[in-house]
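Below is one structure, written out as structure tokens, with a few remarks after it.
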Amino acid sequence: MNTRGERGSRQRELFARSTRSVIVIEENHRLVQLTKELDWTELEEVVQGIRSRKLKNAAGRPPHLRALIGAVVMRATHKMSYRDTEDQLRHYGPARYLCGLTESEWTPDANTIQDFEELMGQDGMKQLNEYVVKDAVHAGLADASVLVADTTAQEAAIPHPNEMGLLATFLSTVARASARAGGALKAFGTAMQEKFREGKKRLREYRLFAKGKTQAARQKLMREMANLVQGVQGPLAEVLAESDPSKNRLVGYSKVAHAKVQRLHETMTTLLPQIRYWVKTGRVAANKIINLHIPELYSVVRGKAGKAVEFGLQWGIARLKGGFLLATAGIQRRHVVDANFATLAVDNHIALFGEPPKSYAYDRGGYSQDNVMRVKARGVKNVGLAPRGQARWEVNGAIREMLVNERAQVEGGIGVIKNARYGFNRPPARSVAMMAVCGQRAVLGHNLNKWVRGLAKRNEMQLVG
């Protein structure tokens, strides 16, 4: 047994082993084929156009666009964290080849990749996806003359919303943030310590001991918690009005904490009356806020067995014949619903390809005589909106059968992007904007993998990796 403190092999080597690895990357590796098939010059032009629109000027060192676009492609085709992406780009040969770094020792770090994705935004990711879909149509892997569409929900990574939890989260978050905000807010947090402790006591009583109590007893606890929050809101409004960050010279996390408290106060100003309305009437208020930190999220009623309501964003998914997807995020509530997305999908198709699809299908959720007339007015020849009740189909025979089959397959495409490989559902995002980026990136990854598999099959190549 080796009792020495040294680790490693006891057989000494004449020369120290090199840490510079030399490997040969297989020609049929998936990332190698992606690298060869993508038009990197066009992609860089697209990204440069996005940057020029969003940045005030071109000051600073020029970005490594080739490597950063490769990092986005890498994250799209296989969900991973920013830290894992940095590690892959630094040590994984095919990933370095994808990013054009095989002749370089430089690697983008996790923060650089994250900043680049935030700069790209949802519209940038969508443009990259549209490039891939148009190339797939040009290569004959997809047929733009046949379009089907549907809506789905993107769940947010948030706890299930309930009134008591929202009120308690407000108190605990304000207590932590005000302690680090400095100045008047710190003094406010100290003065409110008794109310914060009382809030914890009410929450504990509600969660542990209210199960066996009557509905009236639980409602009483909720009213008491709402009164506590109201008692914090009043003084907090006065402190925020007096503690302007620019005048008090807040810097670093103090400035961030002050902004967080400000946002929480504004959100609770809207949420508290909604909670009181629910306690009083038992009905959910219109446009109910379901999360304090991302107040733009909303509930999506799906009516599914076991999951009647999902909390997050509504998305519209359009599918070309061949399986390639295009996505539209409903950032605003009611922006993407069946009644309007049935026509919006056709408008988006015309904007992308310059002409309407020849055949188009949607389920009965988007059916109405007005929608049928609108779709026909846009130039669609075969309108396959599934009718409701006793209404008749606008198409028959083989065309109807084809559209029904294509319409059924859009559900499979939605299921694929919700797979853990792509991470469409419950993305690790802390804002609606980044949730939209994650959603578009998931669709981009699905299309990239489908595109490269189609090209490899045409070339009779078996992909690895």
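Residues are referred to by chain and number: the chain letter is A, B, ... according to the order shown in the structure tokens, the number counts from 1 in that chain, and ligands are numbered separately from 1 in the order shown.
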request  = Give me the residues within 7 Å of Ala95 (chain A) as a ChimeraX atom specification, counting only C-alpha atoms and dropping any in the same chain fewer than 6 places off.
outcome  = /A:31,88-89
Contacts of Ala177 (chain A) within 8 Å, only C-alpha atoms, excl. fewer than 5 positions in-chain, as a PyMOL selection string = chain A and resi 257-258+260-261
Atoms kept (N, CA and C atoms) for selection, written as a JSON list (two decimals), in the first residue's frame:
[["chain", "number", "residue", "atom", "x", "y", "z"],
["A", 257, "ALA", "N", -30.09, 46.60, -4.89],
["A", 257, "ALA", "CA", -31.08, 46.30, -3.85],
["A", 257, "ALA", "C", -32.17, 47.36, -3.80],
["A", 258, "HIS", "N", -31.78, 48.63, -3.96],
["A", 258, "HIS", "CA", -32.76, 49.71, -3.96],
["A", 258, "HIS", "C", -33.73, 49.54, -5.12],
["A", 260, "LYS", "N", -34.50, 46.77, -6.60],
["A", 260, "LYS", "CA", -35.35, 45.60, -6.35],
["A", 260, "LYS", "C", -36.51, 45.97, -5.42],
["A", 261, "VAL", "N", -36.21, 46.71, -4.35],
["A", 261, "VAL", "CA", -37.27, 47.12, -3.42],
["A", 261, "VAL", "C", -38.29, 48.01, -4.14]]
request  = Would you kindly return, as a PyMOL selection string, each protein, DNA or RNA residue with an atom no farther than 9 Å from any atom of region 322-333 of chain A, considering only C-alpha atoms and excluding same-chain residues fewer than 3 positions away?
outcome  = chain A and resi 122+126+129-130+133+136+141-144+287+296-299+313-319+336-337+345+348+409-410+413-414+432-433+436+439-440+443-444+446-447+450-451
Selection near region 369-384 of chain A, 9 Å with only C-alpha atoms, sequence-local residues under 4 positions removed, as a list in words = Val148, Ala339, Asn340, Ala342, Thr343, Val346, Asp347, Ile350, Glu355, Pro356, Pro357, Lys358, Ser359, Tyr360, Ala361, Tyr362, Asp363, Trp393, Glu394, Val395, Ile399, Arg400, Leu403 and Val404 of chain A
task = Name the residues of region 45-102 of chain A that come out as helix (DSSP H, G or I) in a backbone DSSP run; write them as a ChimeraX atom specification.
result = /A:45-54,65-77,82-91,93-98
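If you measure from each of A:Gln262, A:Val46, A:Tyr97, A:Ala149 to Arg364 (chain A) using only C-alpha atoms, the closest one turns out to be A:Ala149.
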task = Run DSSP on the backbone of this structure and report the residues of region 112-213 of chain A it assigns to strand (DSSP E), as a PyMOL selection string.
result = chain A and resi 143-155
Saved selection, atoms kept: all heavy atoms, as a PDB file, in the first residue's frame:
ATOM      1  N   ASP A 143     -41.213  21.929 -46.855  1.00  0.00           N
ATOM      2  CA  ASP A 143     -42.120  22.407 -47.894  1.00  0.00           C
ATOM      3  C   ASP A 143     -42.926  23.575 -47.339  1.00  0.00           C
ATOM      4  O   ASP A 143     -43.778  23.399 -46.466  1.00  0.00           O
ATOM      5  CB  ASP A 143     -43.044  21.274 -48.335  1.00  0.00           C
ATOM      6  CG  ASP A 143     -43.962  21.681 -49.482  1.00  0.00           C
ATOM      7  OD1 ASP A 143     -43.865  22.835 -49.942  1.00  0.00           O
ATOM      8  OD2 ASP A 143     -44.787  20.853 -49.899  1.00  0.00           O
ATOM      9  N   ALA A 144     -42.632  24.780 -47.832  1.00  0.00           N
ATOM     10  CA  ALA A 144     -43.291  25.980 -47.321  1.00  0.00           C
ATOM     11  C   ALA A 144     -44.706  26.151 -47.847  1.00  0.00           C
ATOM     12  O   ALA A 144     -45.402  27.081 -47.431  1.00  0.00           O
ATOM     13  CB  ALA A 144     -42.466  27.214 -47.663  1.00  0.00           C
ATOM     14  N   SER A 145     -45.147  25.272 -48.752  1.00  0.00           N
ATOM     15  CA  SER A 145     -46.507  25.397 -49.288  1.00  0.00           C
ATOM     16  C   SER A 145     -47.551  24.804 -48.356  1.00  0.00           C
ATOM     17  O   SER A 145     -48.746  25.002 -48.569  1.00  0.00           O
ATOM     18  CB  SER A 145     -46.596  24.710 -50.661  1.00  0.00           C
ATOM     19  OG  SER A 145     -46.440  23.307 -50.534  1.00  0.00           O
ATOM     20  N   VAL A 146     -47.109  24.044 -47.334  1.00  0.00           N
ATOM     21  CA  VAL A 146     -48.033  23.442 -46.371  1.00  0.00           C
ATOM     22  C   VAL A 146     -47.664  23.936 -44.978  1.00  0.00           C
ATOM     23  O   VAL A 146     -46.538  23.739 -44.522  1.00  0.00           O
ATOM     24  CB  VAL A 146     -47.993  21.909 -46.417  1.00  0.00           C
ATOM     25  CG1 VAL A 146     -48.954  21.321 -45.390  1.00  0.00           C
ATOM     26  CG2 VAL A 146     -48.329  21.401 -47.809  1.00  0.00           C
ATOM     27  N   LEU A 147     -48.604  24.572 -44.301  1.00  0.00           N
ATOM     28  CA  LEU A 147     -48.376  25.142 -42.975  1.00  0.00           C
ATOM     29  C   LEU A 147     -49.462  24.684 -42.015  1.00  0.00           C
ATOM     30  O   LEU A 147     -50.642  24.656 -42.371  1.00  0.00           O
ATOM     31  CB  LEU A 147     -48.373  26.671 -43.063  1.00  0.00           C
ATOM     32  CG  LEU A 147     -48.213  27.451 -41.747  1.00  0.00           C
ATOM     33  CD1 LEU A 147     -46.799  27.312 -41.215  1.00  0.00           C
ATOM     34  CD2 LEU A 147     -48.564  28.921 -41.943  1.00  0.00           C
ATOM     35  N   VAL A 148     -49.065  24.311 -40.822  1.00  0.00           N
ATOM     36  CA  VAL A 148     -50.014  24.027 -39.744  1.00  0.00           C
ATOM     37  C   VAL A 148     -49.544  24.784 -38.508  1.00  0.00           C
ATOM     38  O   VAL A 148     -48.358  25.127 -38.399  1.00  0.00           O
ATOM     39  CB  VAL A 148     -50.113  22.515 -39.442  1.00  0.00           C
ATOM     40  CG1 VAL A 148     -50.694  21.772 -40.621  1.00  0.00           C
ATOM     41  CG2 VAL A 148     -48.756  21.939 -39.065  1.00  0.00           C
ATOM     42  N   ALA A 149     -50.457  25.052 -37.586  1.00  0.00           N
ATOM     43  CA  ALA A 149     -50.088  25.865 -36.422  1.00  0.00           C
ATOM     44  C   ALA A 149     -50.909  25.461 -35.213  1.00  0.00           C
ATOM     45  O   ALA A 149     -51.964  24.841 -35.322  1.00  0.00           O
ATOM     46  CB  ALA A 149     -50.278  27.348 -36.727  1.00  0.00           C
ATOM     47  N   ASP A 150     -50.407  25.857 -34.050  1.00  0.00           N
ATOM     48  CA  ASP A 150     -51.091  25.598 -32.780  1.00  0.00           C
ATOM     49  C   ASP A 150     -50.460  26.494 -31.729  1.00  0.00           C
ATOM     50  O   ASP A 150     -49.421  27.124 -31.966  1.00  0.00           O
ATOM     51  CB  ASP A 150     -50.964  24.129 -32.383  1.00  0.00           C
ATOM     52  CG  ASP A 150     -51.978  23.724 -31.313  1.00  0.00           C
ATOM     53  OD1 ASP A 150     -52.858  24.546 -30.998  1.00  0.00           O
ATOM     54  OD2 ASP A 150     -51.877  22.606 -30.782  1.00  0.00           O
ATOM     55  N   THR A 151     -51.069  26.557 -30.557  1.00  0.00           N
ATOM     56  CA  THR A 151     -50.503  27.302 -29.442  1.00  0.00           C
ATOM     57  C   THR A 151     -50.119  26.332 -28.336  1.00  0.00           C
ATOM     58  O   THR A 151     -50.653  25.229 -28.236  1.00  0.00           O
ATOM     59  CB  THR A 151     -51.515  28.319 -28.879  1.00  0.00           C
ATOM     60  OG1 THR A 151     -52.696  27.641 -28.444  1.00  0.00           O
ATOM     61  CG2 THR A 151     -51.879  29.357 -29.926  1.00  0.00           C
ATOM     62  N   THR A 152     -49.177  26.767 -27.495  1.00  0.00           N
ATOM     63  CA  THR A 152     -48.761  25.973 -26.346  1.00  0.00           C
ATOM     64  C   THR A 152     -48.298  26.921 -25.250  1.00  0.00           C
ATOM     65  O   THR A 152     -48.134  28.123 -25.478  1.00  0.00           O
ATOM     66  CB  THR A 152     -47.630  24.992 -26.722  1.00  0.00           C
ATOM     67  OG1 THR A 152     -47.384  24.088 -25.639  1.00  0.00           O
ATOM     68  CG2 THR A 152     -46.334  25.738 -27.031  1.00  0.00           C
ATOM     69  N   ALA A 153     -48.087  26.383 -24.073  1.00  0.00           N
ATOM     70  CA  ALA A 153     -47.658  27.187 -22.928  1.00  0.00           C
ATOM     71  C   ALA A 153     -46.214  26.859 -22.587  1.00  0.00           C
ATOM     72  O   ALA A 153     -45.804  25.698 -22.627  1.00  0.00           O
ATOM     73  CB  ALA A 153     -48.551  26.932 -21.718  1.00  0.00           C
ATOM     74  N   GLN A 154     -45.456  27.880 -22.267  1.00  0.00           N
ATOM     75  CA  GLN A 154     -44.088  27.722 -21.757  1.00  0.00           C
ATOM     76  C   GLN A 154     -44.135  27.982 -20.257  1.00  0.00           C
ATOM     77  O   GLN A 154     -44.320  29.112 -19.820  1.00  0.00           O
ATOM     78  CB  GLN A 154     -43.136  28.701 -22.441  1.00  0.00           C
ATOM     79  CG  GLN A 154     -41.698  28.595 -21.957  1.00  0.00           C
ATOM     80  CD  GLN A 154     -40.824  29.741 -22.442  1.00  0.00           C
ATOM     81  OE1 GLN A 154     -41.308  30.843 -22.680  1.00  0.00           O
ATOM     82  NE2 GLN A 154     -39.541  29.482 -22.601  1.00  0.00           N
ATOM     83  N   GLU A 155     -43.974  26.938 -19.481  1.00  0.00           N
ATOM     84  CA  GLU A 155     -44.032  27.088 -18.032  1.00  0.00           C
ATOM     85  C   GLU A 155     -42.794  27.817 -17.510  1.00  0.00           C
ATOM     86  O   GLU A 155     -41.680  27.586 -17.988  1.00  0.00           O
ATOM     87  CB  GLU A 155     -44.136  25.720 -17.366  1.00  0.00           C
ATOM     88  CG  GLU A 155     -45.459  25.016 -17.578  1.00  0.00           C
ATOM     89  CD  GLU A 155     -45.551  23.739 -16.775  1.00  0.00           C
ATOM     90  OE1 GLU A 155     -45.952  23.812 -15.600  1.00  0.00           O
ATOM     91  OE2 GLU A 155     -45.193  22.676 -17.312  1.00  0.00           O
TER      92      GLU A 155
END
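In this structure, CA of Ala71 (chain A) sits 26.1 Å away from CA of Asn459 (chain A).
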request  = Pick out the closest residue to Ala259 (chain A) from this set: A:Glu310, A:Met461, A:Arg180, A:Ala16. Count only C-alpha atoms.
outcome  =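 Checking each of A:Glu310, A:Met461, A:Arg180, A:Ala16 against Ala259 (chain A), counting only C-alpha atoms, the winner is A:Arg180.
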key: Selection: 10 Å around Leu185 (chain A), only C-alpha atoms, excl. self and same-chain fewer than 2 positions, as JSON, numbers by chain   = {"A": [174, 175, 177, 178, 179, 180, 181, 182, 183, 187, 188, 189, 190, 191, 236, 239, 240, 242, 243, 254, 257, 258, 261]}
Keeping only N, CA and C atoms, take the residues you just selected and write them out as a tab-separated table (two decimals), in the first residue's frame.
chain	number	residue	atom	x	y	z
A	174	VAL	N	-38.19	42.06	0.84
A	174	VAL	CA	-37.96	43.46	1.24
A	174	VAL	C	-37.03	43.52	2.44
A	175	ALA	N	-37.20	42.59	3.39
A	175	ALA	CA	-36.34	42.57	4.58
A	175	ALA	C	-34.87	42.35	4.19
A	177	ALA	N	-33.42	42.76	1.10
A	177	ALA	CA	-32.89	43.79	0.20
A	177	ALA	C	-32.66	45.11	0.93
A	178	SER	N	-33.58	45.49	1.80
A	178	SER	CA	-33.43	46.78	2.50
A	178	SER	C	-32.22	46.76	3.43
A	179	ALA	N	-31.87	45.59	3.97
A	179	ALA	CA	-30.71	45.51	4.85
A	179	ALA	C	-29.42	45.79	4.10
A	180	ARG	N	-29.43	45.59	2.78
A	180	ARG	CA	-28.21	45.79	1.99
A	180	ARG	C	-28.28	47.02	1.09
A	181	ALA	N	-29.40	47.75	1.16
A	181	ALA	CA	-29.55	48.91	0.29
A	181	ALA	C	-28.90	50.16	0.85
A	182	GLY	N	-28.61	50.15	2.13
A	182	GLY	CA	-27.95	51.31	2.74
A	182	GLY	C	-28.88	52.49	2.95
A	183	GLY	N	-28.41	53.47	3.70
A	183	GLY	CA	-29.12	54.72	3.90
A	183	GLY	C	-30.47	54.55	4.56
A	187	ALA	N	-32.39	51.78	7.45
A	187	ALA	CA	-33.07	52.20	8.67
A	187	ALA	C	-34.54	51.76	8.66
A	188	PHE	N	-35.14	51.81	7.47
A	188	PHE	CA	-36.53	51.34	7.35
A	188	PHE	C	-36.62	49.85	7.69
A	189	GLY	N	-35.68	49.05	7.17
A	189	GLY	CA	-35.68	47.62	7.46
A	189	GLY	C	-35.55	47.33	8.94
A	190	THR	N	-34.71	48.11	9.62
A	190	THR	CA	-34.55	47.94	11.06
A	190	THR	C	-35.84	48.28	11.81
A	191	ALA	N	-36.51	49.34	11.36
A	191	ALA	CA	-37.75	49.77	12.03
A	191	ALA	C	-38.90	48.78	11.79
A	236	LEU	N	-42.92	52.32	3.35
A	236	LEU	CA	-41.96	52.05	2.28
A	236	LEU	C	-42.10	53.05	1.15
A	239	VAL	N	-40.28	56.20	2.21
A	239	VAL	CA	-38.81	56.05	2.20
A	239	VAL	C	-38.28	56.06	0.76
A	240	LEU	N	-38.96	55.38	-0.13
A	240	LEU	CA	-38.51	55.32	-1.53
A	240	LEU	C	-38.58	56.69	-2.18
A	242	GLU	N	-38.04	59.46	-0.72
A	242	GLU	CA	-36.97	60.31	-0.18
A	242	GLU	C	-35.57	59.80	-0.55
A	243	SER	N	-35.45	58.50	-0.76
A	243	SER	CA	-34.10	57.92	-0.99
A	243	SER	C	-33.82	57.71	-2.46
A	254	SER	N	-25.85	47.97	-3.41
A	254	SER	CA	-26.81	48.88	-2.76
A	254	SER	C	-27.78	49.46	-3.79
A	257	ALA	N	-30.09	46.60	-4.89
A	257	ALA	CA	-31.08	46.30	-3.85
A	257	ALA	C	-32.17	47.36	-3.80
A	258	HIS	N	-31.78	48.63	-3.96
A	258	HIS	CA	-32.76	49.71	-3.96
A	258	HIS	C	-33.73	49.54	-5.12
A	261	VAL	N	-36.21	46.71	-4.35
A	261	VAL	CA	-37.27	47.12	-3.42
A	261	VAL	C	-38.29	48.01	-4.14
